[in-house]
Amino acid sequence: MPKKPKNKRRDFLQLSTVTLGAVGTAAFIWPFLKSMSPAEDTLAAGSTEVDISAIEEGQSITIKWRGKPVFIKKRTKDEINAAKMVQASDLRDPEDDADRVQKEEWLVLVGVCTHLGCVPLGQKVSDMKGEYDGWYCPCHGSHYDTSGRIRKGPAPKNLDVPPYTFLNDNTIKIG
Amino acid sequence: MDKNRKVHQFKNPVLNWIEFRLPIISYFKKEYGDYPMPKNCNYFWSFGALATITLVTMIVSGIFLAMNYTPHTDMAFDSVERIMRDVNYGWLMRYIHSNGAAFFFIIVYIHIVRAMYFGSYKYPRELNWILGVFIFLLMMATSFLGYTLPWGQMSYWGATVITNLFSAIPFIGEGLKTWLLGDYNVGNATLNRFFALHYVLPFVIFGVVGLHVAAVHVHGSNNPDGIDIKTNNDSVNFFPYMLIKDTVAMCAFGVAISAVIFFGPNLMAEVDNYIPADPLVTPAHIVPNWYLAPFYAILRAVPDKLGGVLLMFGAIVILFVLPWLDRSKVRSCNYRPIYKWFMMGFFVNFFALGYVGMLPAEGLYLLIARVGLLYYFGFFFIITPFVGWIEKPSKLPLSISDVYAKNIAPNIGGGEKGIPSPAMQKDTNL
């Protein structure tokens, strides 16, 4: 009889030692894993103010915000109408044009294809704009419309709209 | 400690002194001196040795490049150009390293083709195959990380596309991608860690290669007829026979790689990578390195982000289970009249996938990629198990010596069918 309780005590000690060791190891690994996340100065990357007074109708500019390209486009009447005509329910990532703009002539987008992160073409007059006359990603053939919504190709989502505010009629603050 | 341990005796007293304390001399004698190699092994069996030599070359040239390279987004491109223009023999180091990577993959692909065609992955070498696939995975990771370092346009956008593959994973994808990059897009944190990992992974590969070699030495090398060594008559010692044969192969390899390094060092390079990385402009046509192109073709053949990523990784993971998909007990395709052609078709298909992987994903190229994708997975999931089941293999020779007794006429497609030789029966414990 004295043998059994002794074994139980051993089992308990063994189990608790291994458990504590495992927890300790995990706690020790955490700082190493966490050190690979974006650092504080990276997170603190601020906002950008852009003067949009020089942009003509139909013209589009690219600015850099948090290391990414941001497209600011002054849309023409035709482009706005084309974007509005679409039924949101027919889209892969259903969104109305009205939900993607603050003022309907100004379209602001993060210029990063939602497939694998390339910068879509369509900013220059000479660029390919794709079948929906918006943007076309040359990497794997995603077509975006005049509201930056995915219409054809492998990308799963519409081009992101960054947080922005109109400081006045001529200035946008992105971020 | 075992007092009765038998210590090898050598003529040289220094060797005896070492051997008594660390039996490393007898180990090398056993594994690289007296180690029996099947005497029918052809030059396909030299590619393991070639791969090892290339790995060492890559590590050495890489260390010397690292002495002059700066892993910072503002300086990386210029430091590589400085290596090319100002550092003594820097151009040679870099061209050895960049072309060495391509040749490393050529050699390893031939090594894998050898293992597949002659059934080296089958019992009892399954673990050996698994370690090999693992090495292949590590090589792909290492080459991808290394390709980022020169910080040209292809470096930057290649890194962007590949790290974005992880964002396809539901729920955790975006967070995982950010964690891997250390930023919201490929940036200085990314370049820095890619350099650190690119430096360390080859040493990990070296360790796994050690296991890979140790594993093959347990049951010995396979051979073109896929039958085991029965008697001493079937084999030759590694030294000097195989060492000399590998040396001849190495000389031929040296001529081939030198021709490229000295006369066409940029044949396999992308022009766009001589443009410094620009996060605002994507090159019109992003191309992976040719040795990763077959998998890239699979990724692009699928019109769905997650589906494409899963199939691309699946195309590599499927290799791990090949030994269990193949039901045939005959190793060498020389004795498998049906599977042989499907196997060759697989190699041609893989090549075709690589070819379209370098071209735009549209029209005919996209169609070829999709057909190639179907054959790739069909080969593993349908053809390999099914053919192993219905096929009647040709008669295997009784022994390796028997191959030569019959006037060196390996029994391709001839002989009595369906009767496994006594040798085969013993092999596989039928």
# chains A, B, ... in the order shown; residues from 1 in each chain; ligands from 1

$ select_by_dssp --residues "segment 11-174 of chain A" --states "alpha helix (DSSP H)" --output "ChimeraX atom specification"
/A:11-34,40-43,77-85

$ write_last_selection --atoms "N, CA and C atoms" --output "JSON list (two decimals), in the first residue's frame"
[["chain", "number", "residue", "atom", "x", "y", "z"],
["A", 11, "ASP", "N", 4.03, 11.30, -9.90],
["A", 11, "ASP", "CA", 3.29, 11.70, -11.10],
["A", 11, "ASP", "C", 2.95, 13.18, -11.06],
["A", 12, "PHE", "N", 2.48, 13.60, -9.89],
["A", 12, "PHE", "CA", 2.09, 15.00, -9.73],
["A", 12, "PHE", "C", 3.30, 15.92, -9.95],
["A", 13, "LEU", "N", 4.41, 15.56, -9.32],
["A", 13, "LEU", "CA", 5.61, 16.39, -9.45],
["A", 13, "LEU", "C", 6.08, 16.45, -10.90],
["A", 14, "GLN", "N", 6.03, 15.29, -11.54],
["A", 14, "GLN", "CA", 6.49, 15.22, -12.92],
["A", 14, "GLN", "C", 5.62, 16.09, -13.83],
["A", 15, "LEU", "N", 4.31, 15.91, -13.66],
["A", 15, "LEU", "CA", 3.36, 16.65, -14.50],
["A", 15, "LEU", "C", 3.46, 18.15, -14.28],
["A", 16, "SER", "N", 3.55, 18.55, -13.01],
["A", 16, "SER", "CA", 3.60, 19.99, -12.73],
["A", 16, "SER", "C", 4.92, 20.58, -13.21],
["A", 17, "THR", "N", 6.01, 19.81, -13.12],
["A", 17, "THR", "CA", 7.29, 20.33, -13.61],
["A", 17, "THR", "C", 7.26, 20.53, -15.11],
["A", 18, "VAL", "N", 6.72, 19.52, -15.81],
["A", 18, "VAL", "CA", 6.66, 19.61, -17.28],
["A", 18, "VAL", "C", 5.75, 20.78, -17.69],
["A", 19, "THR", "N", 4.61, 20.90, -16.99],
["A", 19, "THR", "CA", 3.68, 21.98, -17.32],
["A", 19, "THR", "C", 4.32, 23.35, -17.12],
["A", 20, "LEU", "N", 4.96, 23.50, -15.98],
["A", 20, "LEU", "CA", 5.60, 24.78, -15.68],
["A", 20, "LEU", "C", 6.71, 25.07, -16.69],
["A", 21, "GLY", "N", 7.43, 24.01, -17.03],
["A", 21, "GLY", "CA", 8.49, 24.17, -18.03],
["A", 21, "GLY", "C", 7.94, 24.61, -19.37],
["A", 22, "ALA", "N", 6.80, 24.01, -19.76],
["A", 22, "ALA", "CA", 6.19, 24.35, -21.05],
["A", 22, "ALA", "C", 5.69, 25.80, -21.05],
["A", 23, "VAL", "N", 5.04, 26.18, -19.95],
["A", 23, "VAL", "CA", 4.54, 27.55, -19.84],
["A", 23, "VAL", "C", 5.70, 28.54, -19.86],
["A", 24, "GLY", "N", 6.76, 28.19, -19.13],
["A", 24, "GLY", "CA", 7.94, 29.06, -19.08],
["A", 24, "GLY", "C", 8.58, 29.22, -20.45],
["A", 25, "THR", "N", 8.67, 28.10, -21.18],
["A", 25, "THR", "CA", 9.26, 28.17, -22.52],
["A", 25, "THR", "C", 8.42, 29.05, -23.44],
["A", 26, "ALA", "N", 7.08, 28.84, -23.36],
["A", 26, "ALA", "CA", 6.18, 29.65, -24.19],
["A", 26, "ALA", "C", 6.33, 31.13, -23.85],
["A", 27, "ALA", "N", 6.42, 31.43, -22.56],
["A", 27, "ALA", "CA", 6.57, 32.82, -22.13],
["A", 27, "ALA", "C", 7.89, 33.40, -22.62],
["A", 28, "PHE", "N", 8.90, 32.55, -22.70],
["A", 28, "PHE", "CA", 10.21, 32.99, -23.16],
["A", 28, "PHE", "C", 10.22, 33.24, -24.67],
["A", 29, "ILE", "N", 9.45, 32.40, -25.40],
["A", 29, "ILE", "CA", 9.41, 32.53, -26.86],
["A", 29, "ILE", "C", 8.65, 33.79, -27.28],
["A", 30, "TRP", "N", 7.62, 34.17, -26.50],
["A", 30, "TRP", "CA", 6.76, 35.28, -26.88],
["A", 30, "TRP", "C", 7.50, 36.56, -27.28],
["A", 31, "PRO", "N", 8.45, 37.05, -26.45],
["A", 31, "PRO", "CA", 9.14, 38.29, -26.84],
["A", 31, "PRO", "C", 9.83, 38.17, -28.20],
["A", 32, "PHE", "N", 10.34, 36.96, -28.51],
["A", 32, "PHE", "CA", 11.03, 36.79, -29.79],
["A", 32, "PHE", "C", 10.04, 36.90, -30.95],
["A", 33, "LEU", "N", 8.89, 36.25, -30.78],
["A", 33, "LEU", "CA", 7.87, 36.33, -31.83],
["A", 33, "LEU", "C", 7.37, 37.77, -31.97],
["A", 34, "LYS", "N", 7.13, 38.40, -30.83],
["A", 34, "LYS", "CA", 6.56, 39.75, -30.83],
["A", 34, "LYS", "C", 7.53, 40.76, -31.44],
["A", 40, "GLU", "N", 7.32, 50.25, -32.94],
["A", 40, "GLU", "CA", 6.52, 51.42, -32.57],
["A", 40, "GLU", "C", 6.64, 52.56, -33.57],
["A", 41, "ASP", "N", 7.87, 52.79, -34.07],
["A", 41, "ASP", "CA", 8.03, 53.90, -35.00],
["A", 41, "ASP", "C", 7.33, 53.61, -36.33],
["A", 42, "THR", "N", 7.24, 52.32, -36.67],
["A", 42, "THR", "CA", 6.52, 51.95, -37.89],
["A", 42, "THR", "C", 5.03, 52.21, -37.71],
["A", 43, "LEU", "N", 4.52, 51.86, -36.53],
["A", 43, "LEU", "CA", 3.10, 52.06, -36.25],
["A", 43, "LEU", "C", 2.75, 53.55, -36.24],
["A", 77, "LYS", "N", -17.75, 63.02, -65.48],
["A", 77, "LYS", "CA", -19.18, 62.70, -65.35],
["A", 77, "LYS", "C", -19.47, 61.26, -65.81],
["A", 78, "ASP", "N", -18.87, 60.89, -66.95],
["A", 78, "ASP", "CA", -19.11, 59.55, -67.51],
["A", 78, "ASP", "C", -18.65, 58.46, -66.53],
["A", 79, "GLU", "N", -17.49, 58.71, -65.92],
["A", 79, "GLU", "CA", -16.94, 57.71, -65.00],
["A", 79, "GLU", "C", -17.83, 57.57, -63.77],
["A", 80, "ILE", "N", -18.33, 58.70, -63.27],
["A", 80, "ILE", "CA", -19.22, 58.65, -62.11],
["A", 80, "ILE", "C", -20.49, 57.90, -62.46],
["A", 81, "ASN", "N", -21.06, 58.21, -63.65],
["A", 81, "ASN", "CA", -22.28, 57.52, -64.06],
["A", 81, "ASN", "C", -22.05, 56.02, -64.21],
["A", 82, "ALA", "N", -20.91, 55.66, -64.84],
["A", 82, "ALA", "CA", -20.60, 54.24, -65.03],
["A", 82, "ALA", "C", -20.52, 53.53, -63.68],
["A", 83, "ALA", "N", -19.92, 54.20, -62.69],
["A", 83, "ALA", "CA", -19.77, 53.59, -61.36],
["A", 83, "ALA", "C", -21.13, 53.47, -60.67],
["A", 84, "LYS", "N", -22.01, 54.45, -60.90],
["A", 84, "LYS", "CA", -23.31, 54.45, -60.21],
["A", 84, "LYS", "C", -24.30, 53.46, -60.82],
["A", 85, "MET", "N", -24.13, 53.22, -62.14],
["A", 85, "MET", "CA", -25.09, 52.37, -62.85],
["A", 85, "MET", "C", -25.07, 50.92, -62.35]]

$ residues_around --residues "Phe104 of chain B" --least-positions-apart "5" --cutoff "12 Å" --atoms "only C-alpha atoms" --output "list in words"
Phe47, Gly48, Ala49, Leu50, Ala51, Thr52, Ile53, Thr54, Leu55, Val56, Thr57, Met58, Ile59, Ile96, His97, Ser98, Asn99, Tyr109, Ile110, His111, Ile135, Phe136, Met139, Met140, Thr142, Ser143, Phe253, Ile257 and Tyr291 of chain B

$ interface_residues --of "chain B" --to "chain A" --cutoff "6 Å" --atoms "only C-alpha atoms" --output "MDAnalysis selection string"
chainID B and resid 161 164 179 182:183 280 282 284 286 303:305

$ residues_around --residues "Pro224 of chain B" --least-positions-apart "5" --cutoff "7 Å" --atoms "only C-alpha atoms" --output "list of chain:residue names"
B:Asn40, B:Cys41, B:Phe118, B:Ser332

$ write_last_selection --atoms "C-alpha atoms" --output "PDB file, in the first residue's frame"
ATOM      1  CA  ASN B  40      25.111  -0.496 -62.247  1.00  0.00           C
ATOM      2  CA  CYS B  41      24.648   3.093 -61.050  1.00  0.00           C
ATOM      3  CA  PHE B 118      13.948   4.833 -60.650  1.00  0.00           C
ATOM      4  CA  SER B 332      12.496   1.276 -61.514  1.00  0.00           C
TER       5      SER B 332
END

$ select_by_dssp --residues "segment 231-286 of chain B" --states "strand (DSSP E or B)" --output "list in words"
Ser235, Val236, Asn237 and Pro276 of chain B

$ write_last_selection --atoms "N, CA and C atoms" --output "PDB file, in the first residue's frame"
ATOM      1  N   SER B 235      28.262  -4.975 -56.103  1.00  0.00           N
ATOM      2  CA  SER B 235      28.614  -3.606 -55.714  1.00  0.00           C
ATOM      3  C   SER B 235      30.090  -3.323 -55.916  1.00  0.00           C
ATOM      4  N   VAL B 236      30.403  -2.042 -55.912  1.00  0.00           N
ATOM      5  CA  VAL B 236      31.796  -1.602 -55.871  1.00  0.00           C
ATOM      6  C   VAL B 236      31.950  -0.673 -54.671  1.00  0.00           C
ATOM      7  N   ASN B 237      33.176  -0.548 -54.158  1.00  0.00           N
ATOM      8  CA  ASN B 237      33.400   0.354 -53.042  1.00  0.00           C
ATOM      9  C   ASN B 237      33.288   1.804 -53.500  1.00  0.00           C
ATOM     10  N   PRO B 276      16.445  50.019 -59.368  1.00  0.00           N
ATOM     11  CA  PRO B 276      16.232  50.012 -57.908  1.00  0.00           C
ATOM     12  C   PRO B 276      14.749  49.879 -57.559  1.00  0.00           C
TER      13      PRO B 276
END

$ closest_residue --among "A:Leu109, A:Ser89, A:Asp99, A:Asn170" --to "Tyr144 of chain A" --atoms "only C-alpha atoms"
A:Leu109

$ residues_around --residues "Phe320 of chain B" --least-positions-apart "6" --cutoff "8 Å" --atoms "only C-alpha atoms" --output "ChimeraX atom specification"
/B:129-130,133

$ write_last_selection --atoms "C-alpha atoms" --output "short mmCIF file (atom, residue, chain, number, x, y, z; two decimals), in the first residue's frame"
data_model
loop_
_atom_site.label_atom_id
_atom_site.label_comp_id
_atom_site.auth_asym_id
_atom_site.auth_seq_id
_atom_site.Cartn_x
_atom_site.Cartn_y
_atom_site.Cartn_z
CA TRP B 129 12.55 11.01 -49.76
CA ILE B 130 10.71 13.03 -47.12
CA VAL B 133 11.40 17.15 -50.17
#

$ residues_around --residues "Met84 of chain B" --least-positions-apart "6" --cutoff "8 Å" --atoms "only C-alpha atoms" --output "tab-separated table (two decimals) with C-alpha atoms, in the first residue's frame"
chain	number	residue	atom	x	y	z
B	90	GLY	CA	33.13	40.95	-56.27
B	91	TRP	CA	31.59	40.40	-59.70
B	94	ARG	CA	28.09	37.50	-57.16

$ atom_distance --atom1 "atom CA of Lys122 of chain B" --atom2 "atom CA of Pro323 of chain B"
5.4 Å

$ closest_residue --among "B:Val113, B:Leu127, B:Met93, B:Lys392" --to "Val218 of chain B" --atoms "only C-alpha atoms"
B:Leu127

$ atom_distance --atom1 "atom CA of Leu165 of chain B" --atom2 "atom CA of Phe71 of chain A"
23.5 Å

$ residues_around --residues "Ala293 of chain B" --least-positions-apart "2" --cutoff "10 Å" --atoms "only C-alpha atoms" --output "VMD selection string"
chain B and resid 287 to 291 295 to 299 350 to 359

$ residues_around --residues "Thr190 of chain B" --least-positions-apart "6" --cutoff "12 Å" --atoms "only C-alpha atoms" --output "list in words"
Met36, Ser37, Pro38, Ala39 and Thr42 of chain A; Pro71, His72, Thr73, Leu145, Thr148, Leu149, Trp151, Ser155, Tyr156, Ala159, Thr160, Thr163, Lys177, Thr178, Trp179, Leu180, Leu181, Gly182, Asp183, Tyr184, Ala196, Leu197 and His198 of chain B

$ write_last_selection --atoms "N, CA and C atoms" --output "CSV table (one decimal), in the first residue's frame"
chain,number,residue,atom,x,y,z
A,36,MET,N,9.1,40.5,-34.0
A,36,MET,CA,9.0,40.5,-35.4
A,36,MET,C,7.8,41.4,-35.9
A,37,SER,N,6.9,41.7,-35.0
A,37,SER,CA,5.7,42.6,-35.4
A,37,SER,C,6.3,44.0,-35.7
A,38,PRO,N,5.4,44.8,-36.4
A,38,PRO,CA,5.9,46.2,-36.7
A,38,PRO,C,6.3,46.9,-35.4
A,39,ALA,N,7.4,47.6,-35.5
A,39,ALA,CA,7.9,48.4,-34.3
A,39,ALA,C,7.1,49.6,-34.1
A,42,THR,N,7.2,52.3,-36.7
A,42,THR,CA,6.5,51.9,-37.9
A,42,THR,C,5.0,52.2,-37.7
B,71,PRO,N,22.3,45.4,-45.7
B,71,PRO,CA,20.8,45.1,-45.7
B,71,PRO,C,20.0,46.3,-45.3
B,72,HIS,N,20.0,47.3,-46.0
B,72,HIS,CA,19.2,48.5,-45.7
B,72,HIS,C,18.6,49.0,-47.0
B,73,THR,N,17.3,49.4,-46.9
B,73,THR,CA,16.6,49.7,-48.2
B,73,THR,C,17.3,50.9,-48.9
B,145,LEU,N,14.2,34.3,-50.4
B,145,LEU,CA,14.8,35.3,-49.4
B,145,LEU,C,16.0,36.0,-50.1
B,148,THR,N,15.4,38.7,-52.8
B,148,THR,CA,15.0,40.0,-52.3
B,148,THR,C,16.1,40.9,-52.0
B,149,LEU,N,17.3,40.4,-51.7
B,149,LEU,CA,18.4,41.2,-51.1
B,149,LEU,C,18.9,42.2,-52.1
B,151,TRP,N,17.5,44.2,-53.9
B,151,TRP,CA,16.6,45.3,-53.8
B,151,TRP,C,16.3,46.0,-55.1
B,155,SER,N,13.1,42.1,-57.1
B,155,SER,CA,13.3,41.7,-55.7
B,155,SER,C,12.1,42.2,-54.9
B,156,TYR,N,11.8,43.5,-55.0
B,156,TYR,CA,10.8,44.1,-54.2
B,156,TYR,C,9.4,43.5,-54.5
B,159,ALA,N,9.0,39.8,-53.6
B,159,ALA,CA,8.7,39.7,-52.2
B,159,ALA,C,7.3,40.1,-51.8
B,160,THR,N,6.8,41.2,-52.5
B,160,THR,CA,5.4,41.6,-52.2
B,160,THR,C,4.4,40.5,-52.6
B,163,THR,N,4.8,37.3,-50.2
B,163,THR,CA,4.3,37.5,-48.8
B,163,THR,C,2.8,37.7,-48.8
B,177,LYS,N,0.7,38.2,-42.3
B,177,LYS,CA,1.6,38.8,-43.3
B,177,LYS,C,2.3,40.0,-42.7
B,178,THR,N,1.6,40.8,-41.9
B,178,THR,CA,2.2,42.0,-41.2
B,178,THR,C,3.3,41.5,-40.3
B,179,TRP,N,3.1,40.4,-39.6
B,179,TRP,CA,4.1,39.9,-38.7
B,179,TRP,C,5.3,39.4,-39.4
B,180,LEU,N,5.1,38.7,-40.6
B,180,LEU,CA,6.2,38.3,-41.4
B,180,LEU,C,7.0,39.4,-41.9
B,181,LEU,N,6.3,40.5,-42.3
B,181,LEU,CA,7.0,41.6,-43.0
B,181,LEU,C,7.6,42.6,-41.9
B,182,GLY,N,7.0,42.6,-40.7
B,182,GLY,CA,7.4,43.6,-39.7
B,182,GLY,C,7.0,45.0,-40.1
B,183,ASP,N,6.1,45.1,-41.0
B,183,ASP,CA,5.6,46.4,-41.5
B,183,ASP,C,4.3,46.1,-42.3
B,184,TYR,N,3.6,47.2,-42.7
B,184,TYR,CA,2.4,46.9,-43.5
B,184,TYR,C,2.7,46.6,-45.0
B,196,ALA,N,18.9,38.1,-42.5
B,196,ALA,CA,19.3,37.3,-41.4
B,196,ALA,C,18.9,35.8,-41.7
B,197,LEU,N,17.7,35.6,-42.2
B,197,LEU,CA,17.2,34.3,-42.5
B,197,LEU,C,17.9,33.7,-43.7
B,198,HIS,N,18.2,34.5,-44.7
B,198,HIS,CA,18.9,34.0,-45.9
B,198,HIS,C,20.3,33.5,-45.5

$ atom_distance --atom1 "atom CA of Ile106 of chain B" --atom2 "atom CA of Leu92 of chain B"
20.3 Å
